[in-house]
Amino acid sequence: MTKGGMESVEVFTTEGKGRGLKAQKEFLPGDVIFAEPAYAAVVFDSLTHVICHTCFKRQERLHRCGQCKFAYYCDRTCQRAAWLNHKNECSAIKRHGKAPTENIRLAARILWKIEREGSGLSEGCLVSMDELQNHVDSFGEEEKKELRTDVESFLEFWPPHCQQFGMQFISHIFGVISCNGFTLSDQRGLQAVGVGIFPNLCQVNHDCWPNCTVIFNNGNHEAVRSMFHTQMRIELRALSKISPGDELTVSYVDFLNVSEERRKQLKKQYYFDCTCEHCKKQVKDDLMLAVKGGESKPSADTVKEVIQLSKDTLEKINKARMEGLYHEVVKLCRDCLKKQEPVLADTNLYLLRILSIASEVLSYLQMFEEAADYAKRMVDGYLKIYHPNNAQLGMALMRAGVTHWHAGLIEAGHGLICKAYAILLITHGPSHPITKDLEVMRVQTEMELRMFQQNEFMYYKMREAALKNQKIQVMPEPSNENAPSLFHKKE
């Protein structure tokens, strides 16, 4: 797997889409096309005391900045690496009396960097902050009101002795954050923990069936050299073979939605009309809306009724999950599946959404056999819809594999974990914490599978004894959030 620099891509102007990036050389699946450190980044307001403000890892014990009492770090190395970006923020927080919101903090960090380095091209950047799209002209009334509030709050926070910027430029920076803020996740990639600006990544256009994916890498704490210890960055990785001259694309939204819904979401959040092949030709829409065929084909009214029931159930499920009523969630899922199964095909979106929730919540409640059945059906549907190297497909296969393993279904569990590992090697790379976790599981399940194949009876005896001595590891509590989306949009 190669590690690319910015010399392997070039900026070009695309028809109807503005600027884009294209490859200068051939890339194979899993190749890193480029890695880019954040121009500026901040931890979300709600997580400032549990996430390191330098590498964005979640840690048990963090060191607090002794001066502003606001910033937290893994250790002295992270704290020292942060000082250049935190110095102005630190004194501004002390002067202001409290830390402002994440949007204000990010804008301030960007403007302090411009004050230090100028607004021209930064080292390794293909475009300057001035050139990034802000879409302020496309903002609706509500967004314009939020923008005015942000600018006012920013001016209260911004120290009088620092370089003063015009209102138009400050508004431009907030517009850039709104449209181009990239979601930063914790080291497991499962929770969104912050937002950053990556100017080169901003040049990569959207496609619903992209040839690249983006992952956030938090740096390597085992590294001896402090440069690698805290060097958090994004990596643009190839999902399929890319030839010189091909445009590089990523998906800004989850593919698991019909083209009309994806287009609505993209228009609302990113202010453009998607004209990718999958949207124009509505590729896979038929699968995501499929109903049972054959002699017992349901009537249009029955289908409409079941879809409405599914939508209502998903709302009730969200409410019950928010309140932590997981047994209620399971009951809602079972009742809904009974109604869906005779009507909806195995790739129907609404069926897949209920199967996903049911498998996750049942795993958490340690009802592994039922969870495994739903997880298997879910990934069978996903495999027919998603790109074969989609990161979310890889994560779903991993979850299904772990569920089967906990259920004692070692053959299926090992098979699913191997499939997940093959995908995550491409999307995340071999050194990512999730891939490393998966490699440990793959080795462990392979060993157990060999034991099972040699002597089934002994395998179950040993498994029983092991479970008596060591309670099965509890699955993480189901999250009401979806997987972190690519770009952070302020709701």
# chains A, B, ... in the order shown; residues from 1 in each chain; ligands from 1
>>> residues_around(residues="Pro342 of chain A", least_positions_apart="4", cutoff="9 Å", atoms="only C-alpha atoms", output="PDB file with C-alpha atoms, in the first residue's frame")
ATOM      1  CA  VAL A 291     -41.498  -6.123  -2.547  1.00  0.00           C
ATOM      2  CA  LYS A 292     -42.158  -9.845  -2.491  1.00  0.00           C
ATOM      3  CA  SER A 296     -48.370 -14.017  -3.339  1.00  0.00           C
ATOM      4  CA  LYS A 297     -47.342 -10.577  -4.656  1.00  0.00           C
ATOM      5  CA  PRO A 298     -48.878  -7.996  -2.281  1.00  0.00           C
ATOM      6  CA  LEU A 337     -40.932  -7.569  11.113  1.00  0.00           C
ATOM      7  CA  LYS A 338     -44.024  -9.824  11.325  1.00  0.00           C
TER       8      LYS A 338
END
>>> select_by_dssp(residues="segment 6-161 of chain A", states="strand (DSSP E)", output="PyMOL selection string")
chain A and resi 9-14+18-23+32-37+40-43+63-64+72-73
>>> write_last_selection(atoms="N, CA, C and O atoms", output="tab-separated table (two decimals), in the first residue's frame")
chain	number	residue	atom	x	y	z
A	9	VAL	N	-1.92	14.12	-7.23
A	9	VAL	CA	-3.25	14.60	-7.65
A	9	VAL	C	-3.11	16.01	-8.23
A	9	VAL	O	-2.13	16.69	-7.96
A	10	GLU	N	-4.13	16.41	-9.01
A	10	GLU	CA	-4.12	17.82	-9.47
A	10	GLU	C	-5.53	18.38	-9.46
A	10	GLU	O	-6.52	17.66	-9.62
A	11	VAL	N	-5.60	19.69	-9.24
A	11	VAL	CA	-6.89	20.38	-9.24
A	11	VAL	C	-7.26	20.66	-10.70
A	11	VAL	O	-6.42	21.02	-11.50
A	12	PHE	N	-8.56	20.45	-11.01
A	12	PHE	CA	-9.03	20.80	-12.36
A	12	PHE	C	-10.45	21.33	-12.24
A	12	PHE	O	-11.09	21.18	-11.19
A	13	THR	N	-10.92	21.99	-13.26
A	13	THR	CA	-12.29	22.53	-13.23
A	13	THR	C	-13.20	21.57	-13.97
A	13	THR	O	-12.92	21.19	-15.11
A	14	THR	N	-14.27	21.15	-13.28
A	14	THR	CA	-15.18	20.17	-13.89
A	14	THR	C	-16.43	20.87	-14.41
A	14	THR	O	-16.84	21.90	-13.88
A	18	GLY	N	-17.66	22.89	-10.72
A	18	GLY	CA	-16.58	23.72	-10.19
A	18	GLY	C	-15.29	22.92	-10.13
A	18	GLY	O	-15.05	22.05	-10.96
A	19	ARG	N	-14.49	23.18	-9.08
A	19	ARG	CA	-13.20	22.49	-8.99
A	19	ARG	C	-13.37	21.05	-8.55
A	19	ARG	O	-14.31	20.70	-7.85
A	20	GLY	N	-12.42	20.22	-8.96
A	20	GLY	CA	-12.37	18.83	-8.53
A	20	GLY	C	-10.92	18.39	-8.49
A	20	GLY	O	-10.02	19.16	-8.80
A	21	LEU	N	-10.68	17.14	-8.08
A	21	LEU	CA	-9.32	16.59	-8.07
A	21	LEU	C	-9.26	15.40	-9.00
A	21	LEU	O	-10.21	14.60	-9.04
A	22	LYS	N	-8.15	15.26	-9.73
A	22	LYS	CA	-8.00	14.03	-10.52
A	22	LYS	C	-6.64	13.40	-10.24
A	22	LYS	O	-5.69	14.07	-9.81
A	23	ALA	N	-6.57	12.09	-10.50
A	23	ALA	CA	-5.35	11.33	-10.24
A	23	ALA	C	-4.29	11.63	-11.29
A	23	ALA	O	-4.61	11.79	-12.46
A	32	VAL	N	-3.22	4.77	-0.29
A	32	VAL	CA	-3.47	6.12	0.24
A	32	VAL	C	-3.10	7.11	-0.85
A	32	VAL	O	-1.95	7.19	-1.25
A	33	ILE	N	-4.09	7.83	-1.35
A	33	ILE	CA	-3.86	8.79	-2.43
A	33	ILE	C	-3.17	10.04	-1.87
A	33	ILE	O	-2.22	10.54	-2.41
A	34	PHE	N	-3.71	10.52	-0.74
A	34	PHE	CA	-2.96	11.54	0.03
A	34	PHE	C	-3.45	11.53	1.47
A	34	PHE	O	-4.55	11.08	1.77
A	35	ALA	N	-2.55	11.99	2.36
A	35	ALA	CA	-2.90	12.19	3.77
A	35	ALA	C	-2.79	13.69	4.01
A	35	ALA	O	-1.92	14.35	3.44
A	36	GLU	N	-3.69	14.24	4.83
A	36	GLU	CA	-3.69	15.69	5.06
A	36	GLU	C	-3.97	16.01	6.52
A	36	GLU	O	-4.98	15.58	7.07
A	37	PRO	N	-3.08	16.77	7.16
A	37	PRO	CA	-3.39	17.21	8.54
A	37	PRO	C	-4.46	18.30	8.49
A	37	PRO	O	-4.64	18.95	7.45
A	40	ALA	N	-7.33	23.39	10.69
A	40	ALA	CA	-7.75	23.74	12.06
A	40	ALA	C	-8.82	22.73	12.46
A	40	ALA	O	-9.55	22.22	11.60
A	41	ALA	N	-8.90	22.43	13.76
A	41	ALA	CA	-9.89	21.44	14.23
A	41	ALA	C	-10.22	21.70	15.69
A	41	ALA	O	-9.37	22.18	16.45
A	42	VAL	N	-11.46	21.37	16.08
A	42	VAL	CA	-11.87	21.51	17.49
A	42	VAL	C	-12.73	20.32	17.91
A	42	VAL	O	-13.39	19.69	17.08
A	43	VAL	N	-12.73	20.07	19.22
A	43	VAL	CA	-13.58	19.02	19.81
A	43	VAL	C	-14.99	19.60	19.99
A	43	VAL	O	-15.15	20.79	20.26
A	63	HIS	N	-5.01	15.23	30.83
A	63	HIS	CA	-4.37	16.37	31.50
A	63	HIS	C	-5.11	17.63	31.08
A	63	HIS	O	-5.35	17.83	29.89
A	64	ARG	N	-5.39	18.50	32.06
A	64	ARG	CA	-6.10	19.74	31.72
A	64	ARG	C	-5.11	20.89	31.61
A	64	ARG	O	-4.13	20.94	32.37
A	72	TYR	N	-8.08	19.79	27.11
A	72	TYR	CA	-7.61	18.54	27.73
A	72	TYR	C	-6.73	17.78	26.74
A	72	TYR	O	-6.98	17.80	25.54
A	73	TYR	N	-5.73	17.07	27.27
A	73	TYR	CA	-4.78	16.34	26.43
A	73	TYR	C	-4.45	14.97	27.00
A	73	TYR	O	-4.50	14.76	28.21
>>> residues_around(residues="Leu449 of chain A", least_positions_apart="6", cutoff="9 Å", atoms="only C-alpha atoms", output="ChimeraX atom specification")
/A:410-411,414,459
>>> closest_atom_pairs(of="segment 366-455 of chain A", to="segment 346-351 of chain A", cutoff="10 Å", atoms="only C-alpha atoms", output="Markdown table")
| residue | atom | partner | partner_atom | distance |
| --- | --- | --- | --- | --- |
| A:Arg377 | CA | A:Asp346 | CA | 7.4 |
| A:Met378 | CA | A:Asp346 | CA | 8.2 |
| A:Val379 | CA | A:Thr347 | CA | 9.6 |
| A:Asp380 | CA | A:Asp346 | CA | 8.0 |
| A:Gly381 | CA | A:Thr347 | CA | 4.6 |
| A:Tyr382 | CA | A:Thr347 | CA | 7.2 |
| A:Leu383 | CA | A:Thr347 | CA | 9.2 |
| A:Lys384 | CA | A:Thr347 | CA | 7.3 |
| A:Ile385 | CA | A:Thr347 | CA | 7.5 |
>>> select_by_dssp(residues="segment 82-315 of chain A", states="alpha helix (DSSP H)", output="ChimeraX atom specification")
/A:82-96,102-117,141-157,167-180,226-229,259-270,277-280,285-288,300-315
>>> atom_distance(atom1="atom CA of Ser138 of chain A", atom2="atom CA of Ile110 of chain A")
22.6 Å
>>> residues_around(residues="segment 124-133 of chain A", least_positions_apart="4", cutoff="10 Å", atoms="only C-alpha atoms", output="PDB file with N, CA, C and O atoms, in the first residue's frame")
ATOM      1  N   GLY A   5       1.519  11.601  -1.727  1.00  0.00           N
ATOM      2  CA  GLY A   5       1.566  13.002  -1.335  1.00  0.00           C
ATOM      3  C   GLY A   5       0.697  13.780  -2.297  1.00  0.00           C
ATOM      4  O   GLY A   5       0.050  13.217  -3.166  1.00  0.00           O
ATOM      5  N   MET A   6       0.688  15.105  -2.173  1.00  0.00           N
ATOM      6  CA  MET A   6      -0.183  15.909  -3.027  1.00  0.00           C
ATOM      7  C   MET A   6       0.290  15.932  -4.481  1.00  0.00           C
ATOM      8  O   MET A   6      -0.438  16.338  -5.371  1.00  0.00           O
ATOM      9  N   GLU A   7       1.551  15.475  -4.728  1.00  0.00           N
ATOM     10  CA  GLU A   7       2.046  15.455  -6.111  1.00  0.00           C
ATOM     11  C   GLU A   7       1.324  14.416  -6.967  1.00  0.00           C
ATOM     12  O   GLU A   7       1.414  14.439  -8.190  1.00  0.00           O
ATOM     13  N   VAL A   9      -1.917  14.118  -7.231  1.00  0.00           N
ATOM     14  CA  VAL A   9      -3.253  14.602  -7.648  1.00  0.00           C
ATOM     15  C   VAL A   9      -3.112  16.013  -8.226  1.00  0.00           C
ATOM     16  O   VAL A   9      -2.131  16.694  -7.961  1.00  0.00           O
ATOM     17  N   GLU A  10      -4.129  16.415  -9.006  1.00  0.00           N
ATOM     18  CA  GLU A  10      -4.120  17.817  -9.472  1.00  0.00           C
ATOM     19  C   GLU A  10      -5.530  18.383  -9.455  1.00  0.00           C
ATOM     20  O   GLU A  10      -6.519  17.656  -9.619  1.00  0.00           O
ATOM     21  N   VAL A  11      -5.597  19.689  -9.237  1.00  0.00           N
ATOM     22  CA  VAL A  11      -6.888  20.379  -9.236  1.00  0.00           C
ATOM     23  C   VAL A  11      -7.264  20.660 -10.698  1.00  0.00           C
ATOM     24  O   VAL A  11      -6.419  21.024 -11.503  1.00  0.00           O
ATOM     25  N   GLY A  18     -17.663  22.895 -10.720  1.00  0.00           N
ATOM     26  CA  GLY A  18     -16.578  23.724 -10.187  1.00  0.00           C
ATOM     27  C   GLY A  18     -15.290  22.919 -10.131  1.00  0.00           C
ATOM     28  O   GLY A  18     -15.045  22.052 -10.964  1.00  0.00           O
ATOM     29  N   ARG A  19     -14.489  23.183  -9.078  1.00  0.00           N
ATOM     30  CA  ARG A  19     -13.200  22.494  -8.988  1.00  0.00           C
ATOM     31  C   ARG A  19     -13.369  21.049  -8.553  1.00  0.00           C
ATOM     32  O   ARG A  19     -14.308  20.696  -7.849  1.00  0.00           O
ATOM     33  N   LEU A  21     -10.683  17.142  -8.079  1.00  0.00           N
ATOM     34  CA  LEU A  21      -9.320  16.595  -8.074  1.00  0.00           C
ATOM     35  C   LEU A  21      -9.260  15.398  -8.998  1.00  0.00           C
ATOM     36  O   LEU A  21     -10.208  14.600  -9.042  1.00  0.00           O
ATOM     37  N   GLU A  36      -3.689  14.238   4.834  1.00  0.00           N
ATOM     38  CA  GLU A  36      -3.694  15.689   5.056  1.00  0.00           C
ATOM     39  C   GLU A  36      -3.971  16.008   6.516  1.00  0.00           C
ATOM     40  O   GLU A  36      -4.978  15.579   7.067  1.00  0.00           O
ATOM     41  N   PRO A  37      -3.078  16.773   7.164  1.00  0.00           N
ATOM     42  CA  PRO A  37      -3.390  17.209   8.537  1.00  0.00           C
ATOM     43  C   PRO A  37      -4.459  18.297   8.488  1.00  0.00           C
ATOM     44  O   PRO A  37      -4.639  18.946   7.447  1.00  0.00           O
ATOM     45  N   TYR A  39      -6.232  21.817   8.774  1.00  0.00           N
ATOM     46  CA  TYR A  39      -5.844  23.237   8.781  1.00  0.00           C
ATOM     47  C   TYR A  39      -6.165  23.800  10.168  1.00  0.00           C
ATOM     48  O   TYR A  39      -5.393  24.551  10.751  1.00  0.00           O
ATOM     49  N   ILE A 110      -8.939  29.165  12.755  1.00  0.00           N
ATOM     50  CA  ILE A 110      -8.629  29.402  11.334  1.00  0.00           C
ATOM     51  C   ILE A 110      -8.036  30.810  11.167  1.00  0.00           C
ATOM     52  O   ILE A 110      -7.004  31.004  10.511  1.00  0.00           O
ATOM     53  N   LEU A 111      -8.674  31.796  11.819  1.00  0.00           N
ATOM     54  CA  LEU A 111      -8.235  33.185  11.638  1.00  0.00           C
ATOM     55  C   LEU A 111      -6.894  33.460  12.332  1.00  0.00           C
ATOM     56  O   LEU A 111      -6.104  34.259  11.845  1.00  0.00           O
ATOM     57  N   ILE A 114      -4.402  32.222   9.883  1.00  0.00           N
ATOM     58  CA  ILE A 114      -4.249  33.192   8.793  1.00  0.00           C
ATOM     59  C   ILE A 114      -3.412  34.390   9.278  1.00  0.00           C
ATOM     60  O   ILE A 114      -2.563  34.908   8.549  1.00  0.00           O
ATOM     61  N   GLY A 118      -0.704  34.202   6.910  1.00  0.00           N
ATOM     62  CA  GLY A 118      -1.288  34.881   5.752  1.00  0.00           C
ATOM     63  C   GLY A 118      -2.372  34.003   5.136  1.00  0.00           C
ATOM     64  O   GLY A 118      -2.476  32.814   5.447  1.00  0.00           O
ATOM     65  N   SER A 119      -3.188  34.588   4.250  1.00  0.00           N
ATOM     66  CA  SER A 119      -4.325  33.821   3.707  1.00  0.00           C
ATOM     67  C   SER A 119      -3.987  33.119   2.401  1.00  0.00           C
ATOM     68  O   SER A 119      -4.852  32.544   1.756  1.00  0.00           O
ATOM     69  N   GLY A 120      -2.713  33.187   2.000  1.00  0.00           N
ATOM     70  CA  GLY A 120      -2.309  32.497   0.766  1.00  0.00           C
ATOM     71  C   GLY A 120      -2.233  30.995   0.980  1.00  0.00           C
ATOM     72  O   GLY A 120      -2.757  30.458   1.956  1.00  0.00           O
ATOM     73  N   PHE A 169     -15.269  38.712   5.340  1.00  0.00           N
ATOM     74  CA  PHE A 169     -14.326  37.594   5.412  1.00  0.00           C
ATOM     75  C   PHE A 169     -14.678  36.655   6.576  1.00  0.00           C
ATOM     76  O   PHE A 169     -14.603  35.438   6.450  1.00  0.00           O
ATOM     77  N   HIS A 172     -17.425  34.606   5.443  1.00  0.00           N
ATOM     78  CA  HIS A 172     -16.897  33.601   4.505  1.00  0.00           C
ATOM     79  C   HIS A 172     -16.370  32.391   5.276  1.00  0.00           C
ATOM     80  O   HIS A 172     -16.665  31.243   4.915  1.00  0.00           O
ATOM     81  N   ILE A 173     -15.622  32.643   6.348  1.00  0.00           N
ATOM     82  CA  ILE A 173     -15.043  31.543   7.146  1.00  0.00           C
ATOM     83  C   ILE A 173     -16.154  30.688   7.762  1.00  0.00           C
ATOM     84  O   ILE A 173     -16.097  29.455   7.736  1.00  0.00           O
ATOM     85  N   GLY A 175     -19.167  30.343   6.583  1.00  0.00           N
ATOM     86  CA  GLY A 175     -19.775  29.612   5.461  1.00  0.00           C
ATOM     87  C   GLY A 175     -18.951  28.398   5.088  1.00  0.00           C
ATOM     88  O   GLY A 175     -19.494  27.307   4.834  1.00  0.00           O
ATOM     89  N   VAL A 176     -17.620  28.558   5.074  1.00  0.00           N
ATOM     90  CA  VAL A 176     -16.711  27.433   4.769  1.00  0.00           C
ATOM     91  C   VAL A 176     -16.890  26.320   5.792  1.00  0.00           C
ATOM     92  O   VAL A 176     -16.981  25.137   5.450  1.00  0.00           O
ATOM     93  N   ILE A 177     -16.981  26.706   7.084  1.00  0.00           N
ATOM     94  CA  ILE A 177     -17.158  25.703   8.155  1.00  0.00           C
ATOM     95  C   ILE A 177     -18.477  24.958   7.954  1.00  0.00           C
ATOM     96  O   ILE A 177     -18.551  23.736   8.061  1.00  0.00           O
ATOM     97  N   CYS A 179     -20.201  24.402   5.229  1.00  0.00           N
ATOM     98  CA  CYS A 179     -20.281  23.519   4.053  1.00  0.00           C
ATOM     99  C   CYS A 179     -19.161  22.495   3.979  1.00  0.00           C
ATOM    100  O   CYS A 179     -19.303  21.488   3.301  1.00  0.00           O
ATOM    101  N   ASN A 180     -18.016  22.793   4.613  1.00  0.00           N
ATOM    102  CA  ASN A 180     -16.848  21.936   4.434  1.00  0.00           C
ATOM    103  C   ASN A 180     -16.292  21.333   5.714  1.00  0.00           C
ATOM    104  O   ASN A 180     -15.249  20.673   5.674  1.00  0.00           O
ATOM    105  N   ILE A 197     -11.230  21.429   9.372  1.00  0.00           N
ATOM    106  CA  ILE A 197     -11.199  21.900   7.981  1.00  0.00           C
ATOM    107  C   ILE A 197      -9.949  21.334   7.312  1.00  0.00           C
ATOM    108  O   ILE A 197      -8.836  21.488   7.829  1.00  0.00           O
ATOM    109  N   PHE A 198     -10.171  20.653   6.184  1.00  0.00           N
ATOM    110  CA  PHE A 198      -9.083  20.044   5.402  1.00  0.00           C
ATOM    111  C   PHE A 198      -9.203  20.572   3.969  1.00  0.00           C
ATOM    112  O   PHE A 198      -9.991  20.040   3.175  1.00  0.00           O
ATOM    113  N   PRO A 199      -8.472  21.642   3.623  1.00  0.00           N
ATOM    114  CA  PRO A 199      -8.689  22.299   2.318  1.00  0.00           C
ATOM    115  C   PRO A 199      -8.556  21.386   1.102  1.00  0.00           C
ATOM    116  O   PRO A 199      -9.323  21.520   0.150  1.00  0.00           O
ATOM    117  N   ASN A 200      -7.597  20.443   1.114  1.00  0.00           N
ATOM    118  CA  ASN A 200      -7.437  19.571  -0.069  1.00  0.00           C
ATOM    119  C   ASN A 200      -8.626  18.623  -0.212  1.00  0.00           C
ATOM    120  O   ASN A 200      -9.125  18.400  -1.317  1.00  0.00           O
ATOM    121  N   LEU A 201      -9.075  18.080   0.927  1.00  0.00           N
ATOM    122  CA  LEU A 201     -10.234  17.181   0.901  1.00  0.00           C
ATOM    123  C   LEU A 201     -11.462  17.917   0.354  1.00  0.00           C
ATOM    124  O   LEU A 201     -12.288  17.332  -0.352  1.00  0.00           O
ATOM    125  N   CYS A 202     -11.575  19.221   0.670  1.00  0.00           N
ATOM    126  CA  CYS A 202     -12.726  20.012   0.206  1.00  0.00           C
ATOM    127  C   CYS A 202     -12.834  20.037  -1.323  1.00  0.00           C
ATOM    128  O   CYS A 202     -13.885  20.348  -1.869  1.00  0.00           O
ATOM    129  N   GLN A 203     -11.726  19.743  -2.012  1.00  0.00           N
ATOM    130  CA  GLN A 203     -11.735  19.779  -3.482  1.00  0.00           C
ATOM    131  C   GLN A 203     -12.289  18.484  -4.088  1.00  0.00           C
ATOM    132  O   GLN A 203     -12.523  18.413  -5.285  1.00  0.00           O
TER     133      GLN A 203
END
>>> atom_distance(atom1="atom CA of Ile307 of chain A", atom2="atom CA of Tyr270 of chain A")
28.3 Å
>>> closest_residue(among="A:Ser46, A:Gln187, A:Ser240, A:Thr275", to="Gly219 of chain A", atoms="only C-alpha atoms")
A:Gln187
>>> atom_distance(atom1="atom CA of Cys74 of chain A", atom2="atom CA of Arg61 of chain A")
7.4 Å
>>> residues_around(residues="segment 258-266 of chain A", least_positions_apart="4", cutoff="8 Å", atoms="only C-alpha atoms", output="PyMOL selection string")
chain A and resi 252-253+270-274+278-279+282-285+288-289
>>> residues_around(residues="Cys212 of chain A", least_positions_apart="4", cutoff="10 Å", atoms="only C-alpha atoms", output="ChimeraX atom specification")
/A:29-33,204,206-207,235-242,247-251,389-390,427
>>> write_last_selection(atoms="N, CA and C atoms", output="CSV table (one decimal), in the first residue's frame")
chain,number,residue,atom,x,y,z
A,29,PRO,N,-7.0,-0.5,-5.1
A,29,PRO,CA,-7.8,-0.5,-3.9
A,29,PRO,C,-6.9,-0.6,-2.6
A,30,GLY,N,-7.1,0.4,-1.7
A,30,GLY,CA,-6.4,0.4,-0.4
A,30,GLY,C,-5.2,1.4,-0.4
A,31,ASP,N,-4.8,1.9,-1.6
A,31,ASP,CA,-3.7,2.8,-1.7
A,31,ASP,C,-4.1,4.2,-1.0
A,32,VAL,N,-3.2,4.8,-0.3
A,32,VAL,CA,-3.5,6.1,0.2
A,32,VAL,C,-3.1,7.1,-0.9
A,33,ILE,N,-4.1,7.8,-1.4
A,33,ILE,CA,-3.9,8.8,-2.4
A,33,ILE,C,-3.2,10.0,-1.9
A,204,VAL,N,-12.5,17.4,-3.3
A,204,VAL,CA,-12.9,16.1,-3.8
A,204,VAL,C,-14.4,16.2,-3.9
A,206,HIS,N,-18.4,14.9,-4.8
A,206,HIS,CA,-19.3,13.8,-4.4
A,206,HIS,C,-19.7,12.9,-5.6
A,207,ASP,N,-19.8,11.6,-5.3
A,207,ASP,CA,-20.4,10.7,-6.2
A,207,ASP,C,-21.1,9.6,-5.3
A,235,GLU,N,-7.1,10.5,5.6
A,235,GLU,CA,-6.4,9.7,4.5
A,235,GLU,C,-7.5,9.5,3.5
A,236,LEU,N,-7.2,9.9,2.2
A,236,LEU,CA,-8.0,9.6,1.1
A,236,LEU,C,-7.5,8.3,0.5
A,237,ARG,N,-8.4,7.3,0.5
A,237,ARG,CA,-7.9,5.9,0.1
A,237,ARG,C,-8.7,5.5,-1.1
A,238,ALA,N,-8.1,4.8,-2.0
A,238,ALA,CA,-8.7,4.3,-3.2
A,238,ALA,C,-9.6,3.0,-2.9
A,239,LEU,N,-10.8,3.0,-3.4
A,239,LEU,CA,-11.7,1.9,-3.2
A,239,LEU,C,-11.7,0.9,-4.4
A,240,SER,N,-11.3,1.4,-5.5
A,240,SER,CA,-11.2,0.6,-6.7
A,240,SER,C,-10.0,1.1,-7.5
A,241,LYS,N,-9.7,0.4,-8.6
A,241,LYS,CA,-8.6,0.8,-9.5
A,241,LYS,C,-8.9,2.2,-10.1
A,242,ILE,N,-7.9,3.1,-9.9
A,242,ILE,CA,-8.1,4.5,-10.5
A,242,ILE,C,-7.0,4.7,-11.5
A,247,GLU,N,-11.3,11.3,-12.3
A,247,GLU,CA,-11.6,12.2,-11.2
A,247,GLU,C,-11.7,11.4,-9.9
A,248,LEU,N,-11.3,12.0,-8.8
A,248,LEU,CA,-11.4,11.3,-7.5
A,248,LEU,C,-12.7,11.8,-6.8
A,249,THR,N,-13.5,10.8,-6.3
A,249,THR,CA,-14.8,11.1,-5.7
A,249,THR,C,-14.9,10.4,-4.4
A,250,VAL,N,-15.7,11.0,-3.5
A,250,VAL,CA,-16.1,10.4,-2.2
A,250,VAL,C,-17.6,10.6,-2.1
A,251,SER,N,-18.3,9.8,-1.2
A,251,SER,CA,-19.7,10.0,-1.1
A,251,SER,C,-19.9,10.8,0.2
A,389,ASN,N,-16.5,-2.5,-1.5
A,389,ASN,CA,-15.5,-2.0,-0.6
A,389,ASN,C,-16.0,-0.8,0.3
A,390,ASN,N,-17.3,-0.8,0.6
A,390,ASN,CA,-17.9,0.3,1.4
A,390,ASN,C,-17.6,0.1,2.9
A,427,THR,N,-10.4,0.1,3.3
A,427,THR,CA,-11.0,1.4,3.7
A,427,THR,C,-10.3,2.0,4.8
>>> residues_around(residues="Met441 of chain A", least_positions_apart="2", cutoff="12 Å", atoms="only C-alpha atoms", output="PyMOL selection string")
chain A and resi 398-399+401-402+405-406+410+413-418+420-421+434-439+443-449
